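Coordinates as given in structure32.pdb (PDB, C-alpha atoms and all ligand atoms):
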ATOM      1  CA  MET A   1     -19.473  41.219   6.635  1.00  0.00           C
ATOM      2  CA  ILE A   2     -18.287  39.969  10.004  1.00  0.00           C
ATOM      3  CA  ILE A   3     -16.543  42.495  12.230  1.00  0.00           C
ATOM      4  CA  PRO A   4     -13.669  40.859  14.140  1.00  0.00           C
ATOM      5  CA  PRO A   5     -14.011  40.588  17.934  1.00  0.00           C
ATOM      6  CA  SER A   6     -13.532  43.963  19.577  1.00  0.00           C
ATOM      7  CA  VAL A   7     -14.394  42.964  23.112  1.00  0.00           C
ATOM      8  CA  LYS A   8     -11.421  42.890  25.445  1.00  0.00           C
ATOM      9  CA  LEU A   9     -11.064  40.496  28.363  1.00  0.00           C
ATOM     10  CA  ALA A  10      -9.332  41.768  31.479  1.00  0.00           C
ATOM     11  CA  PRO A  11      -8.682  38.985  34.009  1.00  0.00           C
ATOM     12  CA  SER A  12      -8.508  40.322  37.570  1.00  0.00           C
ATOM     13  CA  ILE A  13      -5.724  38.735  39.601  1.00  0.00           C
ATOM     14  CA  LEU A  14      -7.605  39.264  42.877  1.00  0.00           C
ATOM     15  CA  THR A  15      -8.515  35.569  43.061  1.00  0.00           C
ATOM     16  CA  ALA A  16      -5.202  34.347  41.595  1.00  0.00           C
ATOM     17  CA  ASN A  17      -2.729  32.338  43.644  1.00  0.00           C
ATOM     18  CA  PHE A  18      -0.257  35.024  44.766  1.00  0.00           C
ATOM     19  CA  GLY A  19       2.361  32.406  45.558  1.00  0.00           C
ATOM     20  CA  ARG A  20       2.479  31.624  41.845  1.00  0.00           C
ATOM     21  CA  LEU A  21       1.527  35.012  40.491  1.00  0.00           C
ATOM     22  CA  ALA A  22       4.049  35.242  37.651  1.00  0.00           C
ATOM     23  CA  GLU A  23       2.938  31.881  36.305  1.00  0.00           C
ATOM     24  CA  GLN A  24      -0.753  32.780  36.665  1.00  0.00           C
ATOM     25  CA  VAL A  25      -0.384  36.126  34.892  1.00  0.00           C
ATOM     26  CA  GLN A  26       1.576  34.486  32.082  1.00  0.00           C
ATOM     27  CA  ALA A  27      -1.051  31.758  31.759  1.00  0.00           C
ATOM     28  CA  ALA A  28      -3.683  34.464  31.221  1.00  0.00           C
ATOM     29  CA  GLU A  29      -1.486  36.124  28.600  1.00  0.00           C
ATOM     30  CA  ARG A  30      -0.923  32.846  26.773  1.00  0.00           C
ATOM     31  CA  GLY A  31      -4.639  32.102  27.059  1.00  0.00           C
ATOM     32  CA  GLY A  32      -5.468  35.258  25.106  1.00  0.00           C
ATOM     33  CA  ALA A  33      -6.221  37.873  27.765  1.00  0.00           C
ATOM     34  CA  ASP A  34      -6.142  41.452  26.478  1.00  0.00           C
ATOM     35  CA  TYR A  35      -5.333  43.266  29.731  1.00  0.00           C
ATOM     36  CA  ILE A  36      -4.398  42.331  33.284  1.00  0.00           C
ATOM     37  CA  HIS A  37      -6.769  43.991  35.766  1.00  0.00           C
ATOM     38  CA  LEU A  38      -5.256  44.897  39.141  1.00  0.00           C
ATOM     39  CA  ASP A  39      -7.545  45.769  42.062  1.00  0.00           C
ATOM     40  CA  VAL A  40      -5.974  48.215  44.494  1.00  0.00           C
ATOM     41  CA  MET A  41      -7.883  48.455  47.813  1.00  0.00           C
ATOM     42  CA  ASP A  42      -7.093  50.626  50.794  1.00  0.00           C
ATOM     43  CA  GLY A  43      -9.303  49.342  53.630  1.00  0.00           C
ATOM     44  CA  ARG A  44     -11.041  52.738  53.722  1.00  0.00           C
ATOM     45  CA  PHE A  45     -12.953  53.352  50.498  1.00  0.00           C
ATOM     46  CA  VAL A  46     -13.570  49.601  50.429  1.00  0.00           C
ATOM     47  CA  PRO A  47     -13.447  47.206  53.382  1.00  0.00           C
ATOM     48  CA  ASN A  48     -10.616  45.097  51.985  1.00  0.00           C
ATOM     49  CA  ILE A  49      -6.869  45.759  51.606  1.00  0.00           C
ATOM     50  CA  SER A  50      -5.037  44.307  48.609  1.00  0.00           C
ATOM     51  CA  PHE A  51      -1.764  45.715  47.261  1.00  0.00           C
ATOM     52  CA  GLY A  52      -0.015  48.844  46.022  1.00  0.00           C
ATOM     53  CA  PRO A  53       2.506  50.004  43.409  1.00  0.00           C
ATOM     54  CA  LEU A  54       5.118  47.398  44.394  1.00  0.00           C
ATOM     55  CA  LEU A  55       2.956  44.557  43.185  1.00  0.00           C
ATOM     56  CA  VAL A  56       1.962  46.438  40.036  1.00  0.00           C
ATOM     57  CA  GLU A  57       5.667  46.864  39.303  1.00  0.00           C
ATOM     58  CA  ALA A  58       6.246  43.145  39.854  1.00  0.00           C
ATOM     59  CA  VAL A  59       3.414  42.227  37.463  1.00  0.00           C
ATOM     60  CA  ARG A  60       4.844  44.684  34.927  1.00  0.00           C
ATOM     61  CA  GLY A  61       7.899  42.454  34.895  1.00  0.00           C
ATOM     62  CA  PHE A  62       5.861  39.289  34.178  1.00  0.00           C
ATOM     63  CA  THR A  63       3.837  40.377  31.149  1.00  0.00           C
ATOM     64  CA  THR A  64       3.729  42.656  28.150  1.00  0.00           C
ATOM     65  CA  LEU A  65      -0.072  43.028  28.365  1.00  0.00           C
ATOM     66  CA  PRO A  66      -1.421  46.470  29.263  1.00  0.00           C
ATOM     67  CA  LEU A  67      -2.015  46.828  33.006  1.00  0.00           C
ATOM     68  CA  ASP A  68      -5.514  48.039  33.877  1.00  0.00           C
ATOM     69  CA  VAL A  69      -5.197  49.370  37.434  1.00  0.00           C
ATOM     70  CA  HIS A  70      -8.477  49.893  39.325  1.00  0.00           C
ATOM     71  CA  LEU A  71      -7.908  52.240  42.267  1.00  0.00           C
ATOM     72  CA  MET A  72     -10.460  51.590  45.020  1.00  0.00           C
ATOM     73  CA  ILE A  73      -8.745  54.048  47.323  1.00  0.00           C
ATOM     74  CA  GLU A  74      -9.456  57.396  48.910  1.00  0.00           C
ATOM     75  CA  GLU A  75      -7.400  60.389  47.739  1.00  0.00           C
ATOM     76  CA  PRO A  76      -6.154  58.521  44.644  1.00  0.00           C
ATOM     77  CA  GLU A  77      -4.370  61.676  43.466  1.00  0.00           C
ATOM     78  CA  ARG A  78      -1.680  60.994  46.083  1.00  0.00           C
ATOM     79  CA  TYR A  79      -0.695  57.737  44.378  1.00  0.00           C
ATOM     80  CA  ILE A  80      -1.227  58.312  40.659  1.00  0.00           C
ATOM     81  CA  ASP A  81       2.403  59.084  39.890  1.00  0.00           C
ATOM     82  CA  ALA A  82       3.582  56.046  41.855  1.00  0.00           C
ATOM     83  CA  PHE A  83       1.259  53.719  39.931  1.00  0.00           C
ATOM     84  CA  ALA A  84       2.260  55.294  36.625  1.00  0.00           C
ATOM     85  CA  GLU A  85       5.944  54.767  37.466  1.00  0.00           C
ATOM     86  CA  ALA A  86       5.169  51.189  38.489  1.00  0.00           C
ATOM     87  CA  GLY A  87       3.994  50.520  34.935  1.00  0.00           C
ATOM     88  CA  ALA A  88       0.221  51.064  34.897  1.00  0.00           C
ATOM     89  CA  ASP A  89      -1.145  51.717  31.406  1.00  0.00           C
ATOM     90  CA  LEU A  90      -4.680  52.556  32.418  1.00  0.00           C
ATOM     91  CA  LEU A  91      -5.552  54.109  35.768  1.00  0.00           C
ATOM     92  CA  THR A  92      -9.165  54.151  36.915  1.00  0.00           C
ATOM     93  CA  VAL A  93     -10.371  56.219  39.869  1.00  0.00           C
ATOM     94  CA  HIS A  94     -13.791  56.137  41.502  1.00  0.00           C
ATOM     95  CA  VAL A  95     -16.003  59.173  41.026  1.00  0.00           C
ATOM     96  CA  GLU A  96     -17.032  58.759  44.701  1.00  0.00           C
ATOM     97  CA  THR A  97     -13.447  59.461  45.833  1.00  0.00           C
ATOM     98  CA  CYS A  98     -12.685  62.522  43.676  1.00  0.00           C
ATOM     99  CA  PRO A  99     -14.104  65.948  44.570  1.00  0.00           C
ATOM    100  CA  HIS A 100     -11.852  67.412  41.858  1.00  0.00           C
ATOM    101  CA  LEU A 101     -12.379  64.734  39.262  1.00  0.00           C
ATOM    102  CA  HIS A 102     -11.328  66.818  36.263  1.00  0.00           C
ATOM    103  CA  ARG A 103      -8.000  67.614  37.923  1.00  0.00           C
ATOM    104  CA  THR A 104      -7.462  63.974  38.865  1.00  0.00           C
ATOM    105  CA  VAL A 105      -8.187  62.786  35.314  1.00  0.00           C
ATOM    106  CA  GLN A 106      -5.782  65.412  34.021  1.00  0.00           C
ATOM    107  CA  GLN A 107      -3.144  64.164  36.452  1.00  0.00           C
ATOM    108  CA  ILE A 108      -3.550  60.608  35.140  1.00  0.00           C
ATOM    109  CA  THR A 109      -3.187  61.789  31.546  1.00  0.00           C
ATOM    110  CA  ASP A 110      -0.186  63.949  32.423  1.00  0.00           C
ATOM    111  CA  ALA A 111       1.436  60.904  34.041  1.00  0.00           C
ATOM    112  CA  GLY A 112       1.253  59.177  30.643  1.00  0.00           C
ATOM    113  CA  CYS A 113      -1.614  56.792  31.409  1.00  0.00           C
ATOM    114  CA  ARG A 114      -5.066  56.348  29.920  1.00  0.00           C
ATOM    115  CA  ALA A 115      -7.725  57.590  32.321  1.00  0.00           C
ATOM    116  CA  GLY A 116     -10.767  55.686  33.539  1.00  0.00           C
ATOM    117  CA  VAL A 117     -13.565  56.698  35.892  1.00  0.00           C
ATOM    118  CA  ALA A 118     -15.526  54.091  37.864  1.00  0.00           C
ATOM    119  CA  LEU A 119     -19.025  54.243  39.345  1.00  0.00           C
ATOM    120  CA  ASN A 120     -20.344  52.189  42.241  1.00  0.00           C
ATOM    121  CA  PRO A 121     -23.667  50.406  41.738  1.00  0.00           C
ATOM    122  CA  ALA A 122     -25.676  53.139  43.522  1.00  0.00           C
ATOM    123  CA  THR A 123     -23.937  56.061  41.804  1.00  0.00           C
ATOM    124  CA  GLY A 124     -25.916  57.732  39.022  1.00  0.00           C
ATOM    125  CA  LEU A 125     -24.674  58.274  35.482  1.00  0.00           C
ATOM    126  CA  GLU A 126     -25.136  62.046  35.744  1.00  0.00           C
ATOM    127  CA  THR A 127     -21.978  62.132  37.925  1.00  0.00           C
ATOM    128  CA  VAL A 128     -19.801  61.365  34.884  1.00  0.00           C
ATOM    129  CA  ARG A 129     -21.615  63.371  32.215  1.00  0.00           C
ATOM    130  CA  GLU A 130     -19.284  66.394  32.460  1.00  0.00           C
ATOM    131  CA  ILE A 131     -16.062  64.375  32.652  1.00  0.00           C
ATOM    132  CA  LEU A 132     -16.993  62.033  29.801  1.00  0.00           C
ATOM    133  CA  PRO A 133     -15.258  64.005  27.012  1.00  0.00           C
ATOM    134  CA  PHE A 134     -11.979  63.847  28.990  1.00  0.00           C
ATOM    135  CA  VAL A 135     -11.751  60.129  29.777  1.00  0.00           C
ATOM    136  CA  ASP A 136     -10.621  57.042  27.903  1.00  0.00           C
ATOM    137  CA  MET A 137     -12.917  54.651  29.752  1.00  0.00           C
ATOM    138  CA  ILE A 138     -15.934  54.454  32.055  1.00  0.00           C
ATOM    139  CA  LEU A 139     -16.097  51.500  34.455  1.00  0.00           C
ATOM    140  CA  ILE A 140     -19.525  50.402  35.647  1.00  0.00           C
ATOM    141  CA  MET A 141     -19.292  48.329  38.829  1.00  0.00           C
ATOM    142  CA  SER A 142     -21.700  45.432  38.806  1.00  0.00           C
ATOM    143  CA  VAL A 143     -20.897  44.507  42.432  1.00  0.00           C
ATOM    144  CA  ASN A 144     -20.074  46.673  45.410  1.00  0.00           C
ATOM    145  CA  PRO A 145     -16.283  46.900  45.192  1.00  0.00           C
ATOM    146  CA  GLY A 146     -14.041  45.196  47.706  1.00  0.00           C
ATOM    147  CA  PHE A 147     -14.157  41.471  47.049  1.00  0.00           C
ATOM    148  CA  GLY A 148     -14.047  38.918  44.266  1.00  0.00           C
ATOM    149  CA  SER A 149     -16.668  36.213  43.671  1.00  0.00           C
ATOM    150  CA  GLN A 150     -19.712  38.360  44.429  1.00  0.00           C
ATOM    151  CA  ARG A 151     -23.049  38.098  42.669  1.00  0.00           C
ATOM    152  CA  PHE A 152     -23.719  40.312  39.621  1.00  0.00           C
ATOM    153  CA  ILE A 153     -26.246  43.073  40.414  1.00  0.00           C
ATOM    154  CA  GLU A 154     -28.828  42.650  37.661  1.00  0.00           C
ATOM    155  CA  THR A 155     -29.687  46.355  37.303  1.00  0.00           C
ATOM    156  CA  ALA A 156     -26.166  46.892  35.962  1.00  0.00           C
ATOM    157  CA  THR A 157     -27.259  45.735  32.489  1.00  0.00           C
ATOM    158  CA  ASN A 158     -29.738  48.583  32.143  1.00  0.00           C
ATOM    159  CA  LYS A 159     -27.143  50.992  33.494  1.00  0.00           C
ATOM    160  CA  LEU A 160     -24.629  49.767  30.898  1.00  0.00           C
ATOM    161  CA  ARG A 161     -27.116  50.349  28.085  1.00  0.00           C
ATOM    162  CA  ARG A 162     -27.768  53.913  29.248  1.00  0.00           C
ATOM    163  CA  MET A 163     -24.048  54.570  29.703  1.00  0.00           C
ATOM    164  CA  LYS A 164     -23.352  53.280  26.197  1.00  0.00           C
ATOM    165  CA  GLN A 165     -25.820  55.825  24.795  1.00  0.00           C
ATOM    166  CA  LEU A 166     -24.051  58.644  26.641  1.00  0.00           C
ATOM    167  CA  ILE A 167     -20.684  57.425  25.357  1.00  0.00           C
ATOM    168  CA  LYS A 168     -21.958  57.321  21.777  1.00  0.00           C
ATOM    169  CA  ARG A 169     -23.185  60.877  22.116  1.00  0.00           C
ATOM    170  CA  TYR A 170     -20.407  62.568  24.059  1.00  0.00           C
ATOM    171  CA  ASN A 171     -17.220  60.488  23.537  1.00  0.00           C
ATOM    172  CA  PRO A 172     -17.628  57.677  21.015  1.00  0.00           C
ATOM    173  CA  THR A 173     -14.051  56.471  21.308  1.00  0.00           C
ATOM    174  CA  ALA A 174     -14.262  55.859  25.066  1.00  0.00           C
ATOM    175  CA  ASP A 175     -14.312  52.267  26.275  1.00  0.00           C
ATOM    176  CA  LEU A 176     -17.056  50.895  28.508  1.00  0.00           C
ATOM    177  CA  GLU A 177     -15.765  48.458  31.116  1.00  0.00           C
ATOM    178  CA  VAL A 178     -17.793  46.346  33.529  1.00  0.00           C
ATOM    179  CA  ASP A 179     -16.498  44.651  36.656  1.00  0.00           C
ATOM    180  CA  GLY A 180     -17.915  42.140  39.104  1.00  0.00           C
ATOM    181  CA  GLY A 181     -19.838  38.874  39.035  1.00  0.00           C
ATOM    182  CA  ILE A 182     -19.233  38.139  35.348  1.00  0.00           C
ATOM    183  CA  GLY A 183     -19.019  34.602  34.023  1.00  0.00           C
ATOM    184  CA  VAL A 184     -20.107  32.387  31.153  1.00  0.00           C
ATOM    185  CA  HIS A 185     -23.721  32.636  32.342  1.00  0.00           C
ATOM    186  CA  ASN A 186     -24.051  36.395  31.770  1.00  0.00           C
ATOM    187  CA  ILE A 187     -21.144  37.666  29.630  1.00  0.00           C
ATOM    188  CA  SER A 188     -23.155  37.503  26.423  1.00  0.00           C
ATOM    189  CA  ASP A 189     -25.943  39.745  27.806  1.00  0.00           C
ATOM    190  CA  ILE A 190     -23.333  42.165  29.082  1.00  0.00           C
ATOM    191  CA  VAL A 191     -21.595  42.430  25.712  1.00  0.00           C
ATOM    192  CA  ARG A 192     -24.971  43.029  24.072  1.00  0.00           C
ATOM    193  CA  CYS A 193     -25.470  45.990  26.423  1.00  0.00           C
ATOM    194  CA  GLY A 194     -22.431  47.657  24.834  1.00  0.00           C
ATOM    195  CA  ALA A 195     -19.628  46.868  27.272  1.00  0.00           C
ATOM    196  CA  ASN A 196     -16.356  46.283  25.421  1.00  0.00           C
ATOM    197  CA  VAL A 197     -13.911  45.672  28.287  1.00  0.00           C
ATOM    198  CA  ILE A 198     -14.940  42.806  30.530  1.00  0.00           C
ATOM    199  CA  VAL A 199     -13.274  42.170  33.871  1.00  0.00           C
ATOM    200  CA  ALA A 200     -13.433  38.608  35.138  1.00  0.00           C
ATOM    201  CA  GLY A 201     -11.759  37.477  38.339  1.00  0.00           C
ATOM    202  CA  SER A 202     -13.151  34.233  39.723  1.00  0.00           C
ATOM    203  CA  ALA A 203     -14.382  33.147  36.278  1.00  0.00           C
ATOM    204  CA  VAL A 204     -10.723  33.064  35.157  1.00  0.00           C
ATOM    205  CA  TYR A 205      -8.835  32.274  38.374  1.00  0.00           C
ATOM    206  CA  ASN A 206     -10.556  29.350  40.059  1.00  0.00           C
ATOM    207  CA  SER A 207      -9.879  25.751  40.910  1.00  0.00           C
ATOM    208  CA  HIS A 208     -12.357  24.296  38.399  1.00  0.00           C
ATOM    209  CA  ALA A 209     -10.376  24.535  35.168  1.00  0.00           C
ATOM    210  CA  PRO A 210      -7.071  25.785  33.751  1.00  0.00           C
ATOM    211  CA  ILE A 211      -6.826  29.542  33.214  1.00  0.00           C
ATOM    212  CA  ALA A 212      -6.643  29.293  29.410  1.00  0.00           C
ATOM    213  CA  ASP A 213      -9.742  27.068  29.316  1.00  0.00           C
ATOM    214  CA  ASN A 214     -11.665  29.568  31.420  1.00  0.00           C
ATOM    215  CA  ILE A 215     -10.698  32.415  29.094  1.00  0.00           C
ATOM    216  CA  ALA A 216     -11.711  30.371  26.057  1.00  0.00           C
ATOM    217  CA  ALA A 217     -15.061  29.543  27.670  1.00  0.00           C
ATOM    218  CA  LEU A 218     -15.747  33.226  28.299  1.00  0.00           C
ATOM    219  CA  ARG A 219     -14.861  34.133  24.712  1.00  0.00           C
ATOM    220  CA  ASN A 220     -17.068  31.370  23.343  1.00  0.00           C
ATOM    221  CA  ALA A 221     -19.931  32.470  25.563  1.00  0.00           C
ATOM    222  CA  TYR A 222     -20.035  35.949  24.043  1.00  0.00           C
ATOM    223  CA  ALA A 223     -18.959  35.073  20.497  1.00  0.00           C
ATOM    224  CA  ASP A 224     -22.505  35.283  19.136  1.00  0.00           C
ATOM    225  CA  ALA A 225     -23.184  38.606  20.817  1.00  0.00           C
ATOM    226  CA  ASN A 226     -20.024  40.035  19.359  1.00  0.00           C
ATOM    227  CA  ILE A 227     -20.727  39.286  15.728  1.00  0.00           C
ATOM    228  CA  GLN A 228     -22.349  42.186  13.966  1.00  0.00           C
ATOM    229  CA  THR A 229     -23.545  42.294  10.395  1.00  0.00           C
ATOM    230  CA  ILE A 230     -23.127  45.454   8.396  1.00  0.00           C
TER
HETATM  231  C1  LIG B 301     -14.197  43.929  43.001  1.00  0.00           C
HETATM  232  C2  LIG B 301     -13.083  44.047  41.997  1.00  0.00           C
HETATM  233  C3  LIG B 301     -13.204  43.107  40.870  1.00  0.00           C
HETATM  234  C4  LIG B 301     -13.121  41.655  41.246  1.00  0.00           C
HETATM  235  C5  LIG B 301     -13.917  40.894  40.243  1.00  0.00           C
HETATM  236  O1  LIG B 301     -14.038  44.912  43.960  1.00  0.00           O
HETATM  237  O2  LIG B 301     -13.052  45.360  41.469  1.00  0.00           O
HETATM  238  O3  LIG B 301     -12.256  43.403  39.840  1.00  0.00           O
HETATM  239  O4  LIG B 301     -11.830  41.133  41.289  1.00  0.00           O
HETATM  240  O5  LIG B 301     -14.017  39.571  40.653  1.00  0.00           O
HETATM  241  P1  LIG B 301     -15.184  38.616  40.159  1.00  0.00           P
HETATM  242  O6  LIG B 301     -15.060  38.550  38.666  1.00  0.00           O
HETATM  243  O7  LIG B 301     -14.898  37.328  40.848  1.00  0.00           O
HETATM  244  O8  LIG B 301     -16.479  39.244  40.594  1.00  0.00           O
HETATM  245 ZN    ZN B 302     -11.760  45.742  39.630  1.00  0.00          ZN
END
Just give me the structure of the file as structure tokens.
Ligand code: DX5
Ligand code: ZN
Amino acid sequence: MIIPPSVKLAPSILTANFGRLAEQVQAAERGGADYIHLDVMDGRFVPNISFGPLLVEAVRGFTTLPLDVHLMIEEPERYIDAFAEAGADLLTVHVETCPHLHRTVQQITDAGCRAGVALNPATGLETVREILPFVDMILIMSVNPGFGSQRFIETATNKLRRMKQLIKRYNPTADLEVDGGIGVHNISDIVRCGANVIVAGSAVYNSHAPIADNIAALRNAYADANIQTI
């Protein structure tokens, strides 16, 4: 028996054309995206500055897809309610920014959002072991956060495999997301490692091909990896 595709694609708008953002978000939706991934950067936790709740609210008006908001900011607890009110469905904070991670995750849940926790490439999996039963998703960064179009850090595949084992053991319903440097060349390997939410920025929003074609190419590239026989 073939199990239908369960892998979700989350295009990141970081490399989209912001002058035509509504059109570009809608093209991803029409092309079969599952989520829209929004990268919030504060110029402190990461070197880049992107956007805040105002833009999330604008995107909320363009699409019915769930908004997957990745907070690369210090003191995220100060902004959780604002992002929830702006229309975020899933709010992910970095473990490196949260000394009181359990409280922050609780705050996200209380605000009516699903809660994710992200780890930088050099952050060990033991940092999320205790919070795992309380989250809806773990995000493994496969680049150092801050910019689109970076190169995938190869050790992330092994980290994903180990994280998947922890998820199976301690919170089997949690999603495993991966973000950074993903394209048709490596998405299949990544899906095989157990990731089920795949962020893709420059592989979706680029000047080489239409957005829908890029999404279709990514789906085709992992189709084999995603078919399981039971
Ligand atoms: C990096 C961001 C990513 C980024 C991914 O800090 O968190 O979501 O937009 O872009 P690509 O897919 O181009 O690496
Ligand atoms: Zn991201």
Contact check, chain A to ligand ZN 302 (chain B), at most 10 Å, counting only C-alpha atoms and all ligand atoms, closest pairs as CSV:
residue,atom,partner,partner_atom,distance
A:Ala10,CA,B:ZN302,ZN,9.4
A:Pro11,CA,B:ZN302,ZN,9.3
A:Ser12,CA,B:ZN302,ZN,6.6
A:Ile13,CA,B:ZN302,ZN,9.2
A:Leu14,CA,B:ZN302,ZN,8.4
A:His37,CA,B:ZN302,ZN,6.6
A:Leu38,CA,B:ZN302,ZN,6.6
A:Asp39,CA,B:ZN302,ZN,4.9
A:Val40,CA,B:ZN302,ZN,8.0
A:Met41,CA,B:ZN302,ZN,9.5
A:Asp68,CA,B:ZN302,ZN,8.8
A:Val69,CA,B:ZN302,ZN,7.8
A:His70,CA,B:ZN302,ZN,5.3
A:Leu71,CA,B:ZN302,ZN,8.0
A:Met72,CA,B:ZN302,ZN,8.1
A:Thr92,CA,B:ZN302,ZN,9.2
A:Ala118,CA,B:ZN302,ZN,9.3
A:Leu139,CA,B:ZN302,ZN,8.9
A:Ile140,CA,B:ZN302,ZN,9.9
A:Met141,CA,B:ZN302,ZN,8.0
A:Ser142,CA,B:ZN302,ZN,10.0
A:Val143,CA,B:ZN302,ZN,9.6
A:Pro145,CA,B:ZN302,ZN,7.3
A:Gly146,CA,B:ZN302,ZN,8.4
A:Phe147,CA,B:ZN302,ZN,8.9
A:Gly148,CA,B:ZN302,ZN,8.6
A:Glu177,CA,B:ZN302,ZN,9.8
A:Val178,CA,B:ZN302,ZN,8.6
A:Asp179,CA,B:ZN302,ZN,5.7
A:Gly180,CA,B:ZN302,ZN,7.2
A:Val199,CA,B:ZN302,ZN,6.9
A:Ala200,CA,B:ZN302,ZN,8.6
A:Gly201,CA,B:ZN302,ZN,8.4
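For the set A:Ile198, A:Ala156, A:Ala174, A:Val105, the residue with the smallest atom-to-atom gap to ligand LIG 301 (chain B) is A:Ile198, counting only C-alpha atoms and all ligand atoms.
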Can you pull out every residue within 12 Å of Asn171 of chain A, counting only C-alpha atoms, but drop anything in the same chain fewer than 6 positions away, and send it as an mmCIF file with C-alpha atoms, in the frame of the given file?
data_model
loop_
_atom_site.group_PDB
_atom_site.id
_atom_site.type_symbol
_atom_site.label_atom_id
_atom_site.label_comp_id
_atom_site.auth_asym_id
_atom_site.auth_seq_id
_atom_site.Cartn_x
_atom_site.Cartn_y
_atom_site.Cartn_z
ATOM 1 C CA VAL A 128 -19.801 61.365 34.884
ATOM 2 C CA ARG A 129 -21.615 63.371 32.215
ATOM 3 C CA GLU A 130 -19.284 66.394 32.460
ATOM 4 C CA ILE A 131 -16.062 64.375 32.652
ATOM 5 C CA LEU A 132 -16.993 62.033 29.801
ATOM 6 C CA PRO A 133 -15.258 64.005 27.012
ATOM 7 C CA PHE A 134 -11.979 63.847 28.990
ATOM 8 C CA VAL A 135 -11.751 60.129 29.777
ATOM 9 C CA ASP A 136 -10.621 57.042 27.903
ATOM 10 C CA MET A 137 -12.917 54.651 29.752
ATOM 11 C CA ILE A 138 -15.934 54.454 32.055
ATOM 12 C CA MET A 163 -24.048 54.570 29.703
ATOM 13 C CA LYS A 164 -23.352 53.280 26.197
ATOM 14 C CA GLN A 165 -25.820 55.825 24.795
#
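With only C-alpha atoms and all ligand atoms as the atoms that count, the residue of A:Arg44, A:Arg169, A:Arg151, A:Arg78 with the shortest distance to ligand LIG 301 (chain B) is A:Arg151.
Nearest residue to Asn206 of chain A, choosing from A:Asn158, A:Ser149, A:Asn186, A:Thr127 and counting only C-alpha atoms: A:Ser149.
Put simply, atom CA of Thr109 of chain A is 12.0 Å away from atom CA of Glu77 of chain A.
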Given the file shown, enumerate the residues that the PyMOL selection byres (((chain A and resi 34) around 10) and not hetatm) captures and present them as a PyMOL selection string.
chain A and resi 7-11+28-29+31-33+35-37+65-68+197-198
Residue with the minimum atom-to-atom distance to ligand LIG 301 (chain B), picked from A:Val25, A:Ala223, A:Leu119, A:Leu55 with all atoms listed in the file counted, is A:Leu119
Using the file's own x, y and z axes, what box holds all listed atoms of ligand LIG 301 (chain B) with 3 Å on each side, keeping edges along x, y and z, and what are its centre and edge lengths in Å to one decimal, as lines of an AutoDock Vina configuration file?
center_x = -14.2
center_y = 41.3
center_z = 41.3
size_x = 10.6
size_y = 14.0
size_z = 11.3
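What separates atom CA of Leu91 of chain A from atom CA of Val117 of chain A is a distance of 8.4 Å.
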Please determine, counting all atoms listed in the file, which residue among A:Cys193, A:Ala22, A:Ala225, A:Ile187 has the shortest atom-to-atom distance to ligand LIG 301 (chain B).
A:Ile187
Of the listed residues A:Arg30, A:Lys168, A:His102, A:Arg162, that which approaches Ile215 of chain A most closely, counting only C-alpha atoms
A:Arg30
Length of the atom CA of Arg103 of chain A to atom CA of Leu125 of chain A vector [Å]
19.3 Å
Where does the PyMOL selection byres (((chain A and resi 221) around 10) and not hetatm) land in this file, that is, which residues does it pick, as an MDAnalysis selection string?
chainID A and resid 183:189 215:220 222:226
